[in-house]
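Colleague: Just coords19.txt, nothing more (compact mmCIF, C-alpha atoms and all ligand atoms):
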```txt
# COMPACT_ATOMS: atom_id res chain seq x y z
CA MET A 1 35.68 -3.06 17.19
CA THR A 2 38.37 -3.09 14.51
CA THR A 3 41.89 -3.08 15.67
CA CYS A 4 43.76 -1.98 12.65
CA PRO A 5 46.01 -4.59 11.03
CA LEU A 6 48.42 -2.16 9.54
CA THR A 7 50.37 -4.40 7.29
CA ARG A 8 49.18 -6.10 4.14
CA GLU A 9 49.86 -9.48 5.76
CA ASP A 10 47.55 -8.62 8.62
CA ALA A 11 44.84 -7.67 6.17
CA GLN A 12 45.28 -10.98 4.38
CA THR A 13 45.07 -12.90 7.66
CA ARG A 14 41.92 -11.08 8.51
CA ASP A 15 40.40 -11.97 5.12
CA ALA A 16 41.30 -15.60 5.67
CA GLN A 17 39.65 -15.64 9.09
CA ASP A 18 36.41 -13.80 8.31
CA PRO A 19 33.59 -16.20 7.39
CA MET A 20 31.96 -13.40 5.38
CA SER A 21 34.88 -13.56 2.92
CA ARG A 22 33.25 -16.60 1.35
CA PHE A 23 30.71 -14.50 -0.54
CA ARG A 24 33.34 -12.77 -2.67
CA GLU A 25 33.71 -15.70 -5.04
CA ARG A 26 30.01 -15.51 -5.89
CA PHE A 27 30.67 -12.16 -7.64
CA TYR A 28 32.32 -11.19 -10.90
CA LEU A 29 35.28 -9.02 -9.96
CA LYS A 30 37.34 -7.61 -12.78
CA PRO A 31 40.95 -8.83 -12.52
CA ASP A 32 43.47 -6.22 -11.39
CA THR A 33 40.69 -3.89 -10.36
CA LEU A 34 39.75 -2.68 -6.90
CA TYR A 35 36.04 -2.01 -7.13
CA MET A 36 35.09 0.57 -4.51
CA ASP A 37 31.97 1.88 -6.23
CA GLY A 38 29.33 -0.64 -5.20
CA ASN A 39 27.36 2.16 -3.58
CA SER A 40 26.65 3.49 -7.07
CA LEU A 41 26.41 0.24 -8.98
CA GLY A 42 26.83 -3.11 -7.27
CA LEU A 43 28.57 -5.94 -9.07
CA LEU A 44 27.01 -8.92 -10.79
CA SER A 45 26.90 -12.18 -8.86
CA ARG A 46 26.82 -15.63 -10.40
CA ASP A 47 23.50 -16.10 -8.61
CA SER A 48 21.97 -13.08 -10.35
CA GLU A 49 23.40 -14.09 -13.69
CA ALA A 50 21.81 -17.52 -13.33
CA ALA A 51 18.49 -15.94 -12.40
CA VAL A 52 18.51 -13.73 -15.50
CA LEU A 53 19.40 -16.66 -17.72
CA GLN A 54 16.56 -18.59 -16.12
CA ALA A 55 14.15 -15.75 -16.84
CA LEU A 56 15.28 -15.71 -20.47
CA GLU A 57 14.86 -19.46 -20.68
CA ASN A 58 11.34 -19.14 -19.26
CA TRP A 59 10.49 -16.51 -21.81
CA LYS A 60 12.02 -18.67 -24.56
CA THR A 61 10.10 -21.78 -23.61
CA LEU A 62 6.92 -20.47 -22.01
CA GLY A 63 6.10 -17.27 -23.85
CA ILE A 64 2.95 -15.75 -22.37
CA ASP A 65 2.54 -18.69 -20.01
CA GLY A 66 5.50 -17.42 -18.02
CA TRP A 67 3.14 -15.07 -16.21
CA LEU A 68 1.70 -18.01 -14.34
CA GLN A 69 4.11 -20.86 -14.96
CA ALA A 70 7.58 -19.38 -14.54
CA ASP A 71 9.29 -19.98 -11.22
CA PRO A 72 8.48 -17.68 -9.52
CA PRO A 73 5.47 -16.72 -11.69
CA TRP A 74 5.98 -13.30 -13.24
CA PHE A 75 2.45 -12.21 -12.38
CA TRP A 76 3.32 -12.10 -8.67
CA LEU A 77 7.03 -11.39 -9.08
CA GLY A 78 6.83 -7.93 -7.49
CA GLU A 79 5.01 -9.27 -4.44
CA GLU A 80 7.23 -12.34 -4.18
CA LEU A 81 10.47 -10.34 -4.33
CA GLY A 82 8.99 -7.89 -1.84
CA LYS A 83 8.42 -10.76 0.54
CA ARG A 84 11.97 -12.01 0.05
CA GLN A 85 13.38 -8.68 1.16
CA ALA A 86 10.88 -7.82 3.89
CA ALA A 87 13.38 -8.98 6.51
CA LEU A 88 16.05 -6.63 5.15
CA VAL A 89 13.90 -3.64 6.03
CA GLY A 90 12.05 -5.10 8.99
CA ALA A 91 8.63 -5.15 7.37
CA GLU A 92 5.80 -7.61 7.06
CA ASP A 93 5.71 -9.58 3.82
CA ASP A 94 2.89 -7.64 2.21
CA GLU A 95 4.32 -4.22 3.15
CA VAL A 96 7.09 -4.43 0.53
CA VAL A 97 6.80 -4.72 -3.23
CA VAL A 98 9.35 -4.63 -6.02
CA THR A 99 8.27 -2.05 -8.58
CA GLY A 100 9.32 1.14 -10.29
CA SER A 101 12.34 3.08 -9.14
CA ILE A 102 13.12 5.42 -6.28
CA THR A 103 11.82 8.57 -7.90
CA VAL A 104 8.72 6.93 -9.39
CA ASN A 105 7.87 5.22 -6.10
CA LEU A 106 8.44 8.43 -4.19
CA HIS A 107 6.00 10.15 -6.54
CA ALA A 108 3.41 7.42 -6.06
CA LEU A 109 3.68 7.41 -2.27
CA VAL A 110 3.95 11.14 -1.67
CA ALA A 111 1.01 11.74 -4.02
CA THR A 112 -1.01 9.40 -1.81
CA LEU A 113 0.21 10.38 1.64
CA TYR A 114 0.77 14.12 1.33
CA THR A 115 -2.60 15.71 2.10
CA PRO A 116 -1.82 19.35 2.89
CA THR A 117 -4.20 21.68 4.67
CA PRO A 118 -3.87 25.47 4.78
CA GLU A 119 -2.29 25.28 8.25
CA ARG A 120 -0.13 22.27 7.63
CA ARG A 121 1.39 22.14 4.20
CA GLY A 122 5.11 21.78 4.75
CA ILE A 123 7.28 18.94 3.53
CA LEU A 124 10.52 18.44 5.43
CA ALA A 125 13.63 17.19 3.61
CA THR A 126 17.29 18.12 4.00
CA ALA A 127 19.62 20.58 2.32
CA LEU A 128 21.91 17.67 1.39
CA ASP A 129 19.30 15.51 -0.31
CA PHE A 130 19.78 13.72 -3.58
CA PRO A 131 18.40 16.11 -6.22
CA SER A 132 15.82 13.75 -7.72
CA ASP A 133 13.98 13.51 -4.40
CA VAL A 134 13.85 17.29 -4.15
CA TYR A 135 12.45 17.62 -7.69
CA ALA A 136 9.69 15.18 -6.79
CA LEU A 137 8.81 16.90 -3.52
CA GLN A 138 8.74 20.33 -5.16
CA ALA A 139 6.39 18.98 -7.81
CA HIS A 140 3.90 17.62 -5.26
CA ILE A 141 3.83 20.94 -3.47
CA ARG A 142 3.13 22.69 -6.77
CA HIS A 143 0.46 20.18 -7.79
CA THR A 144 -1.43 20.74 -4.57
CA GLY A 145 -1.40 24.51 -4.98
CA GLY A 146 1.54 25.22 -2.70
CA ASP A 147 4.76 27.13 -3.20
CA PRO A 148 7.94 25.05 -3.03
CA GLU A 149 9.91 28.09 -1.90
CA ARG A 150 7.71 28.38 1.14
CA ASP A 151 6.52 24.83 1.76
CA LEU A 152 9.60 22.72 1.15
CA LEU A 153 11.59 23.00 4.37
CA LEU A 154 15.17 21.83 4.19
CA ALA A 155 16.99 20.91 7.38
CA PRO A 156 20.26 22.83 7.05
CA SER A 157 23.82 21.60 7.24
CA SER A 158 26.36 23.71 9.04
CA ASP A 159 29.40 21.94 7.60
CA GLY A 160 28.14 20.91 4.15
CA ARG A 161 28.55 17.27 5.14
CA THR A 162 26.13 16.35 7.84
CA ILE A 163 22.72 17.30 9.18
CA ASP A 164 22.32 18.15 12.86
CA GLU A 165 19.55 15.81 13.93
CA ASP A 166 18.42 18.05 16.78
CA VAL A 167 17.88 20.90 14.35
CA LEU A 168 16.02 18.57 12.01
CA ILE A 169 13.81 17.34 14.84
CA GLU A 170 13.04 20.89 15.86
CA MET A 171 11.83 21.51 12.32
CA LEU A 172 9.28 18.69 12.62
CA ASP A 173 6.69 21.19 13.79
CA GLN A 174 2.99 21.92 13.19
CA ARG A 175 3.70 23.36 9.75
CA VAL A 176 4.92 19.99 8.50
CA ALA A 177 2.55 17.46 6.92
CA LEU A 178 5.15 15.02 5.63
CA ALA A 179 8.86 14.33 6.09
CA SER A 180 10.84 12.56 3.38
CA LEU A 181 14.39 11.94 4.51
CA PRO A 182 17.47 10.03 3.43
CA SER A 183 18.54 7.18 5.70
CA VAL A 184 22.17 7.74 4.67
CA LEU A 185 23.29 11.00 3.07
CA TYR A 186 24.64 10.14 -0.35
CA ARG A 187 27.72 12.33 -0.13
CA SER A 188 29.10 12.11 3.41
CA GLY A 189 27.56 8.77 4.31
CA GLN A 190 25.99 10.11 7.52
CA LEU A 191 23.39 7.65 8.82
CA LEU A 192 20.43 9.42 10.39
CA ASP A 193 18.84 7.94 13.49
CA MET A 194 15.79 6.60 11.69
CA GLU A 195 14.25 5.12 14.81
CA ARG A 196 14.36 8.31 16.85
CA ILE A 197 13.29 10.62 14.04
CA THR A 198 10.45 8.31 13.02
CA ARG A 199 9.17 8.09 16.58
CA ILE A 200 9.15 11.86 17.02
CA ALA A 201 7.51 12.49 13.65
CA ARG A 202 4.76 10.01 14.54
CA GLU A 203 4.22 11.66 17.93
CA ARG A 204 3.70 14.92 16.07
CA ASP A 205 1.28 13.43 13.52
CA ILE A 206 3.69 13.86 10.65
CA ILE A 207 3.81 11.27 7.86
CA ILE A 208 7.40 10.07 7.60
CA GLY A 209 9.21 8.15 4.88
CA TRP A 210 12.79 7.20 4.15
CA ASP A 211 14.86 7.11 0.98
CA CYS A 212 17.03 4.09 1.65
CA ALA A 213 19.12 4.14 -1.53
CA HIS A 214 22.29 4.03 0.56
CA SER A 215 21.14 1.75 3.33
CA ALA A 216 19.08 -1.00 1.67
CA GLY A 217 21.20 -4.11 1.52
CA VAL A 218 23.93 -2.84 3.82
CA ILE A 219 22.13 -1.69 6.99
CA PRO A 220 19.25 -3.36 8.87
CA HIS A 221 15.99 -1.42 9.19
CA ARG A 222 13.00 -2.07 11.43
CA PHE A 223 10.35 -0.10 9.58
CA SER A 224 7.30 -1.81 11.08
CA GLU A 225 8.59 -1.65 14.63
CA TRP A 226 9.55 2.01 14.26
CA GLY A 227 6.20 2.74 12.62
CA ALA A 228 7.59 4.47 9.52
CA ASP A 229 4.91 5.33 7.00
CA PHE A 230 6.82 4.58 3.84
CA GLY A 231 10.22 3.78 2.37
CA VAL A 232 11.73 3.68 -1.11
CA TRP A 233 14.98 2.22 -2.36
CA CYS A 234 16.74 1.01 -5.46
CA THR A 235 18.25 -2.40 -5.96
CA TYR A 236 21.23 -1.53 -8.13
CA LYS A 237 23.48 -0.18 -5.35
CA TYR A 238 24.14 -2.42 -2.32
CA MET A 239 21.56 -4.89 -3.60
CA ASN A 240 23.65 -5.77 -6.65
CA SER A 241 20.78 -6.25 -9.07
CA GLY A 242 22.11 -4.39 -12.08
CA PRO A 243 21.86 -1.01 -13.80
CA GLY A 244 18.30 0.25 -13.71
CA ALA A 245 17.07 -2.85 -11.87
CA VAL A 246 13.50 -2.62 -10.56
CA GLY A 247 13.28 -0.74 -7.24
CA ALA A 248 11.18 -1.35 -4.15
CA LEU A 249 8.80 0.38 -1.82
CA TYR A 250 7.57 -0.14 1.71
CA LEU A 251 4.15 1.02 2.84
CA ASN A 252 3.00 0.58 6.42
CA ARG A 253 -0.17 -1.49 6.51
CA ARG A 254 -2.08 1.26 8.30
CA HIS A 255 -2.26 2.93 4.88
CA PHE A 256 -3.47 -0.04 2.84
CA GLY A 257 -7.00 1.34 2.83
CA ARG A 258 -6.01 4.60 1.18
CA THR A 259 -6.58 4.99 -2.53
CA PRO A 260 -3.35 5.11 -4.54
CA ALA A 261 -3.13 8.60 -6.01
CA LEU A 262 -1.24 7.43 -9.09
CA PRO A 263 -3.00 4.18 -9.88
CA GLY A 264 -2.18 1.70 -12.61
CA TRP A 265 -3.47 -1.71 -13.53
CA TRP A 266 -0.54 -3.53 -11.94
CA GLY A 267 -1.77 -2.37 -8.55
CA TYR A 268 -5.21 -3.87 -9.10
CA ALA A 269 -6.45 -6.60 -6.75
CA LYS A 270 -4.62 -9.50 -8.40
CA GLU A 271 -7.53 -11.93 -8.58
CA ARG A 272 -9.60 -9.43 -10.55
CA GLN A 273 -6.94 -7.56 -12.52
CA PHE A 274 -7.90 -9.30 -15.74
CA ASP A 275 -11.58 -8.50 -15.36
CA MET A 276 -10.46 -5.28 -17.03
CA LEU A 277 -13.01 -3.11 -15.25
CA HIS A 278 -12.75 0.65 -15.45
CA GLN A 279 -13.49 0.95 -11.74
CA PHE A 280 -10.12 0.83 -9.98
CA GLU A 281 -9.82 -1.55 -7.04
CA HIS A 282 -6.35 -1.56 -5.55
CA ALA A 283 -4.72 -4.55 -3.91
CA PRO A 284 -4.88 -4.10 -0.11
CA SER A 285 -1.11 -4.36 0.28
CA ALA A 286 1.99 -2.44 -0.80
CA GLY A 287 1.33 -4.12 -4.15
CA GLY A 288 -1.58 -1.72 -4.65
CA TRP A 289 0.96 1.05 -5.32
CA GLN A 290 2.46 -0.66 -8.36
CA ILE A 291 1.65 1.18 -11.56
CA SER A 292 2.83 -0.79 -14.57
CA THR A 293 3.84 -4.28 -15.63
CA ILE A 294 6.96 -5.41 -13.84
CA GLY A 295 10.16 -5.51 -15.91
CA VAL A 296 10.80 -9.19 -15.48
CA LEU A 297 14.30 -9.15 -16.93
CA SER A 298 15.37 -6.28 -14.67
CA ALA A 299 13.75 -7.82 -11.61
CA ALA A 300 15.19 -11.29 -12.17
CA PRO A 301 18.69 -10.40 -10.84
CA LEU A 302 17.05 -9.81 -7.46
CA ILE A 303 16.25 -13.50 -7.18
CA GLY A 304 19.98 -14.15 -7.01
CA SER A 305 21.08 -11.12 -5.04
CA LEU A 306 18.41 -11.58 -2.37
CA ALA A 307 19.40 -15.21 -1.98
CA ILE A 308 22.95 -14.05 -1.19
CA LEU A 309 21.87 -11.27 1.16
CA ASN A 310 19.48 -13.50 3.05
CA GLU A 311 22.10 -16.21 3.31
CA ALA A 312 24.68 -13.72 4.62
CA GLY A 313 22.23 -12.08 7.03
CA ILE A 314 21.85 -8.31 7.08
CA ASP A 315 23.29 -7.99 10.60
CA ASN A 316 26.48 -9.76 9.52
CA VAL A 317 26.63 -7.56 6.43
CA ARG A 318 26.36 -4.45 8.61
CA THR A 319 29.01 -5.64 11.05
CA ARG A 320 31.50 -6.35 8.29
CA SER A 321 30.67 -3.08 6.56
CA GLN A 322 31.39 -1.12 9.73
CA GLU A 323 34.65 -2.98 10.21
CA LEU A 324 35.75 -2.33 6.63
CA THR A 325 34.97 1.38 6.71
CA THR A 326 36.59 1.71 10.13
CA TYR A 327 39.64 -0.10 8.81
CA LEU A 328 39.83 2.18 5.77
CA ILE A 329 39.79 5.28 7.96
CA ALA A 330 42.29 3.78 10.41
CA CYS A 331 44.74 2.90 7.63
CA MET A 332 44.51 6.38 6.15
CA GLU A 333 45.17 7.96 9.52
CA ASP A 334 47.94 5.55 10.40
CA GLN A 335 49.76 6.29 7.17
CA GLY A 336 49.47 10.03 7.66
CA LEU A 337 47.15 10.61 4.71
CA THR A 338 44.83 12.78 6.75
CA GLY A 339 47.66 15.12 7.74
CA ALA A 340 48.75 18.30 5.99
CA ASP A 341 51.33 16.48 3.81
CA TYR A 342 48.71 14.53 1.93
CA GLY A 343 45.68 16.75 2.37
CA TYR A 344 42.98 14.10 2.62
CA THR A 345 40.10 14.66 5.01
CA ILE A 346 37.56 12.12 6.20
CA GLY A 347 34.17 13.68 5.48
CA SER A 348 32.13 10.84 6.98
CA PRO A 349 31.08 10.58 10.62
CA VAL A 350 33.90 9.09 12.71
CA ASP A 351 31.46 6.99 14.75
CA ALA A 352 30.77 3.80 12.77
CA GLU A 353 27.26 3.67 14.24
CA ARG A 354 26.47 6.94 12.47
CA ARG A 355 28.04 5.98 9.14
CA GLY A 356 26.56 4.11 6.18
CA GLY A 357 28.47 1.79 3.89
CA HIS A 358 30.90 4.20 2.27
CA VAL A 359 33.61 6.61 3.33
CA ALA A 360 33.73 10.12 1.92
CA VAL A 361 37.35 11.06 1.42
CA GLU A 362 37.79 14.72 0.63
CA HIS A 363 40.69 16.32 -1.17
CA PRO A 364 41.05 19.72 -2.87
CA ALA A 365 42.17 17.92 -6.07
CA ALA A 366 39.48 15.21 -5.85
CA PRO A 367 38.59 15.12 -9.58
CA GLN A 368 42.24 14.57 -10.55
CA ILE A 369 42.77 12.01 -7.82
CA VAL A 370 39.72 10.10 -9.01
CA ARG A 371 41.20 10.00 -12.52
CA ALA A 372 44.55 8.84 -11.16
CA LEU A 373 42.83 6.12 -9.12
CA LYS A 374 40.99 4.89 -12.21
CA ALA A 375 44.24 4.82 -14.18
CA ARG A 376 45.59 2.53 -11.46
CA GLY A 377 42.59 0.21 -11.59
CA VAL A 378 40.85 1.55 -8.50
CA VAL A 379 37.17 2.39 -9.10
CA PRO A 380 35.84 5.10 -6.75
CA ASP A 381 33.33 7.75 -7.60
CA PHE A 382 33.38 11.49 -7.40
CA ARG A 383 30.76 13.83 -6.00
CA PRO A 384 31.34 17.55 -6.46
CA PRO A 385 32.99 19.55 -5.27
CA ASN A 386 35.68 17.54 -3.50
CA VAL A 387 34.41 14.13 -2.44
CA ILE A 388 35.93 10.79 -3.40
CA ARG A 389 33.48 8.11 -2.30
CA LEU A 390 34.95 4.72 -1.43
CA ALA A 391 32.58 1.86 -0.68
CA PRO A 392 34.13 -1.32 0.65
CA VAL A 393 31.05 -3.41 -0.05
CA PRO A 394 31.02 -6.17 2.57
CA LEU A 395 29.94 -8.97 0.24
CA TYR A 396 32.83 -8.67 -2.16
CA VAL A 397 35.49 -6.20 -1.03
CA SER A 398 38.31 -7.57 1.12
CA TYR A 399 40.45 -6.04 3.83
CA THR A 400 43.38 -6.47 1.45
CA ASP A 401 41.53 -4.46 -1.21
CA VAL A 402 41.05 -1.68 1.32
CA TRP A 403 44.70 -1.78 2.33
CA ASP A 404 45.77 -1.63 -1.33
CA THR A 405 43.39 1.25 -2.06
CA VAL A 406 44.99 3.27 0.73
CA GLN A 407 48.44 2.64 -0.74
CA HIS A 408 47.21 3.99 -4.08
CA LEU A 409 45.83 7.10 -2.38
CA ARG A 410 49.25 7.64 -0.82
CA ASP A 411 51.31 6.89 -3.96
CA ILE A 412 49.19 9.19 -6.13
CA VAL A 413 50.08 12.14 -3.91
CA ASP A 414 53.71 11.05 -3.38
CA SER A 415 54.30 10.84 -7.13
CA GLY A 416 52.30 13.96 -7.97
CA GLU A 417 50.89 12.06 -10.96
CA TYR A 418 47.41 13.45 -10.41
CA ARG A 419 48.63 16.98 -11.12
CA THR A 420 48.84 16.36 -14.86
CA LEU A 421 45.28 15.03 -15.10
CA ALA A 422 42.16 16.94 -16.07
CA GLY A 423 40.32 18.61 -13.23
CA SER A 424 36.90 18.14 -14.80
CA ARG A 425 34.63 15.30 -13.89
CA GLU A 426 33.44 12.69 -16.33
CA LEU A 427 29.83 12.75 -17.60
CA VAL A 428 28.94 9.90 -15.27
CA SER A 429 31.04 9.75 -12.15
C1 LIG B 1 20.76 6.60 -6.32
C2 LIG B 1 19.76 7.45 -5.64
C3 LIG B 1 18.53 7.73 -6.25
C4 LIG B 1 18.24 7.24 -7.63
O1 LIG B 1 16.91 7.34 -7.99
P1 LIG B 1 16.28 6.52 -9.18
O2 LIG B 1 14.94 7.10 -9.33
O3 LIG B 1 16.26 5.06 -8.75
O4 LIG B 1 17.13 6.70 -10.40
C5 LIG B 1 17.60 8.46 -5.52
N1 LIG B 1 17.88 8.90 -4.27
C6 LIG B 1 19.07 8.67 -3.68
C7 LIG B 1 19.35 9.17 -2.30
C8 LIG B 1 20.05 7.95 -4.37
O5 LIG B 1 21.23 7.74 -3.81
```
Can the structure from this file be put into structure tokens for me?
Modeller:
Amino acid sequence: MTTCPLTREDAQTRDAQDPMSRFRERFYLKPDTLYMDGNSLGLLSRDSEAAVLQALENWKTLGIDGWLQADPPWFWLGEELGKRQAALVGAEDDEVVVTGSITVNLHALVATLYTPTPERRGILATALDFPSDVYALQAHIRHTGGDPERDLLLAPSSDGRTIDEDVLIEMLDQRVALASLPSVLYRSGQLLDMERITRIARERDIIIGWDCAHSAGVIPHRFSEWGADFGVWCTYKYMNSGPGAVGALYLNRRHFGRTPALPGWWGYAKERQFDMLHQFEHAPSAGGWQISTIGVLSAAPLIGSLAILNEAGIDNVRTRSQELTTYLIACMEDQGLTGADYGYTIGSPVDAERRGGHVAVEHPAAPQIVRALKARGVVPDFRPPNVIRLAPVPLYVSYTDVWDTVQHLRDIVDSGEYRTLAGSRELVS
């Protein structure tokens, strides 16, 4: 894998030689800024900008006719954009639809697929889950007469960073009706073995779904082959489709015959949606789990970002991502930043196969260091209590950017400049 080019010149050579470097110029990068926060909000590409302008033009010139005459027609936009990203998650075309957001889609799918019985009412998640997912799971337990304290089982973490998969698998027992797990833990970047966990859950008759917020667009998935029941993800992180862009869901076709528990007219069988009947008839596809009218202007960026991702190929994206994160860690170690003098710790798995697209760098003064980085034009993010997340997004971050970021991490400690900065986090970080 990566041999570490430990000079800036080596990093530049590597950028010049990597064919994946060509995608960088398709994105808007702020001058004099090292953007390492694409795992929170991906950057705008020229392709996505053009797609939004096209959607506005269609609205301007077509008005209501855009539903059928825009390219692609807005009426089927969710289905069409689902199809265009089916390969990214290893699904069949009609198993993915662009709709809602992670939390809304999780609600819609868990409401449908979680059918507790007195013996089997548990939902398995992890102690390190993103809070919104936990709120949703607790609510479904309450709504079905359960007790979240008893029925929401959280696979523990012994180090506060990672989940021991063997412990998690042991918890997939007869009490559990449904497992809803993160593909990549949002703080440490640990990538769970989705294939293995899915297989075991299925063997034990447990419905299993994945929150792929931190893997969609940066890691390949093979949902259909693995047999996962459902998946949810957003498109504003590694999929670069803009703040609040419309999200996506995957539903394995074995569930198409179920009745959506949170129905809405946008999930109606498309040919008859405008019959306006009060008898609900859902589309026999993932599209049946849509609820409301698609936000065309916040789905349009996907037309551009999916064109880029499909052109790059998700396997190439993953390879470059692993090389960039490996390089980041190697440079930090080589320059002594992970020793006692500097006090940084790598909180992500050391094995690139078990790591998502970002590196969690820990430091006791993380909030101040994040402020110092921002003052120097480096954009990381901060997750309490001590994690600086750095995401070298493979489509637009270069080896040289990574090398430069490491120098800033070193200089900030050498100069002590972070000590004078506030230790509180910003409202959004
Ligand atoms: C970003 C993120 C979310 C965000 O959820 P929305 O409903 O799209 O706002 C949910 N889960 C995880 C793991 C995330 O990283």
Colleague: Taking all atoms listed in the file into account, which residues are within 10 Å of ligand LIG 1 (chain B), as a count of residues only?
Modeller: 44
Colleague: Show which residues sit within 7 Å of Gly42 (chain A), as a PyMOL selection string. Count only C-alpha atoms, and ignore same-chain residues fewer than 4 positions away.
Modeller: chain A and resi 38+236-240+242
Colleague: In Å, rounded to a single decimal, give me how far CA of Met20 (chain A) is from CA of Asp404 (chain A).
Modeller: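 Between CA of Asp404 (chain A) and CA of Met20 (chain A) the gap works out to 19.3 Å.
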Colleague: Quick one: contact table of region 259-367 of chain A to region 378-400 of chain A, 9 Å max, nearest atom pair and distance in Å to one decimal per residue, counting only C-alpha atoms, chain and number order, as CSV?
Modeller:
```
residue,atom,partner,partner_atom,distance
A:Ile308,CA,A:Leu395,CA,8.8
A:Leu309,CA,A:Leu395,CA,8.4
A:Ala312,CA,A:Leu395,CA,8.3
A:Val317,CA,A:Pro394,CA,6.0
A:Arg318,CA,A:Pro394,CA,7.8
A:Thr319,CA,A:Pro394,CA,8.7
A:Arg320,CA,A:Pro394,CA,5.7
A:Ser321,CA,A:Pro394,CA,5.1
A:Gln322,CA,A:Pro394,CA,8.8
A:Leu324,CA,A:Pro392,CA,6.3
A:Thr325,CA,A:Pro392,CA,6.7
A:Tyr327,CA,A:Tyr399,CA,7.8
A:Leu328,CA,A:Pro392,CA,8.4
A:Gly347,CA,A:Val387,CA,7.9
A:Gly357,CA,A:Ala391,CA,6.1
A:His358,CA,A:Ala391,CA,4.1
A:Val359,CA,A:Leu390,CA,5.3
A:Ala360,CA,A:Arg389,CA,4.7
A:Val361,CA,A:Ile388,CA,5.0
A:Glu362,CA,A:Val387,CA,4.6
A:His363,CA,A:Asn386,CA,5.7
A:Pro364,CA,A:Asn386,CA,5.8
A:Ala365,CA,A:Asn386,CA,7.0
A:Ala366,CA,A:Asn386,CA,5.0
A:Pro367,CA,A:Phe382,CA,6.7
```
Colleague: Generate a file of the selected residues that holds C-alpha atoms, formatted as a PDB file, in the coordinates of the input.
Modeller:
```
ATOM      1  CA  ILE A 308      22.950 -14.050  -1.190  1.00  0.00           C
ATOM      2  CA  LEU A 309      21.870 -11.270   1.160  1.00  0.00           C
ATOM      3  CA  ALA A 312      24.680 -13.720   4.620  1.00  0.00           C
ATOM      4  CA  VAL A 317      26.630  -7.560   6.430  1.00  0.00           C
ATOM      5  CA  ARG A 318      26.360  -4.450   8.610  1.00  0.00           C
ATOM      6  CA  THR A 319      29.010  -5.640  11.050  1.00  0.00           C
ATOM      7  CA  ARG A 320      31.500  -6.350   8.290  1.00  0.00           C
ATOM      8  CA  SER A 321      30.670  -3.080   6.560  1.00  0.00           C
ATOM      9  CA  GLN A 322      31.390  -1.120   9.730  1.00  0.00           C
ATOM     10  CA  LEU A 324      35.750  -2.330   6.630  1.00  0.00           C
ATOM     11  CA  THR A 325      34.970   1.380   6.710  1.00  0.00           C
ATOM     12  CA  TYR A 327      39.640  -0.100   8.810  1.00  0.00           C
ATOM     13  CA  LEU A 328      39.830   2.180   5.770  1.00  0.00           C
ATOM     14  CA  GLY A 347      34.170  13.680   5.480  1.00  0.00           C
ATOM     15  CA  GLY A 357      28.470   1.790   3.890  1.00  0.00           C
ATOM     16  CA  HIS A 358      30.900   4.200   2.270  1.00  0.00           C
ATOM     17  CA  VAL A 359      33.610   6.610   3.330  1.00  0.00           C
ATOM     18  CA  ALA A 360      33.730  10.120   1.920  1.00  0.00           C
ATOM     19  CA  VAL A 361      37.350  11.060   1.420  1.00  0.00           C
ATOM     20  CA  GLU A 362      37.790  14.720   0.630  1.00  0.00           C
ATOM     21  CA  HIS A 363      40.690  16.320  -1.170  1.00  0.00           C
ATOM     22  CA  PRO A 364      41.050  19.720  -2.870  1.00  0.00           C
ATOM     23  CA  ALA A 365      42.170  17.920  -6.070  1.00  0.00           C
ATOM     24  CA  ALA A 366      39.480  15.210  -5.850  1.00  0.00           C
ATOM     25  CA  PRO A 367      38.590  15.120  -9.580  1.00  0.00           C
TER      26      PRO A 367
END
```
Colleague: Find the residue from A:Arg150, A:His221, A:Arg120, A:Arg26 that sits nearest to Asp47 (chain A); use all atoms listed in the file when measuring.
Modeller: A:Arg26
Colleague: With 4 Å on each side, where is the centre of the axis-aligned box around all listed atoms of region 329-345 of chain A, and how long are its edges in Å to one decimal, as JSON?
Modeller:
```
{"center_x": 45.6, "center_y": 10.6, "center_z": 6.2, "size_x": 19.5, "size_y": 23.4, "size_z": 16.5}
```
Colleague: Can you measure CA of Ala177 (chain A) to CA of Glu225 (chain A) for me? One decimal in Å is fine.
Modeller: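 The value is 21.5 Å.
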Colleague: Just how far from CA of Asp411 (chain A) is CA of Gly189 (chain A), in Å to one decimal?
Modeller: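 Those two atoms sit 25.2 Å apart.
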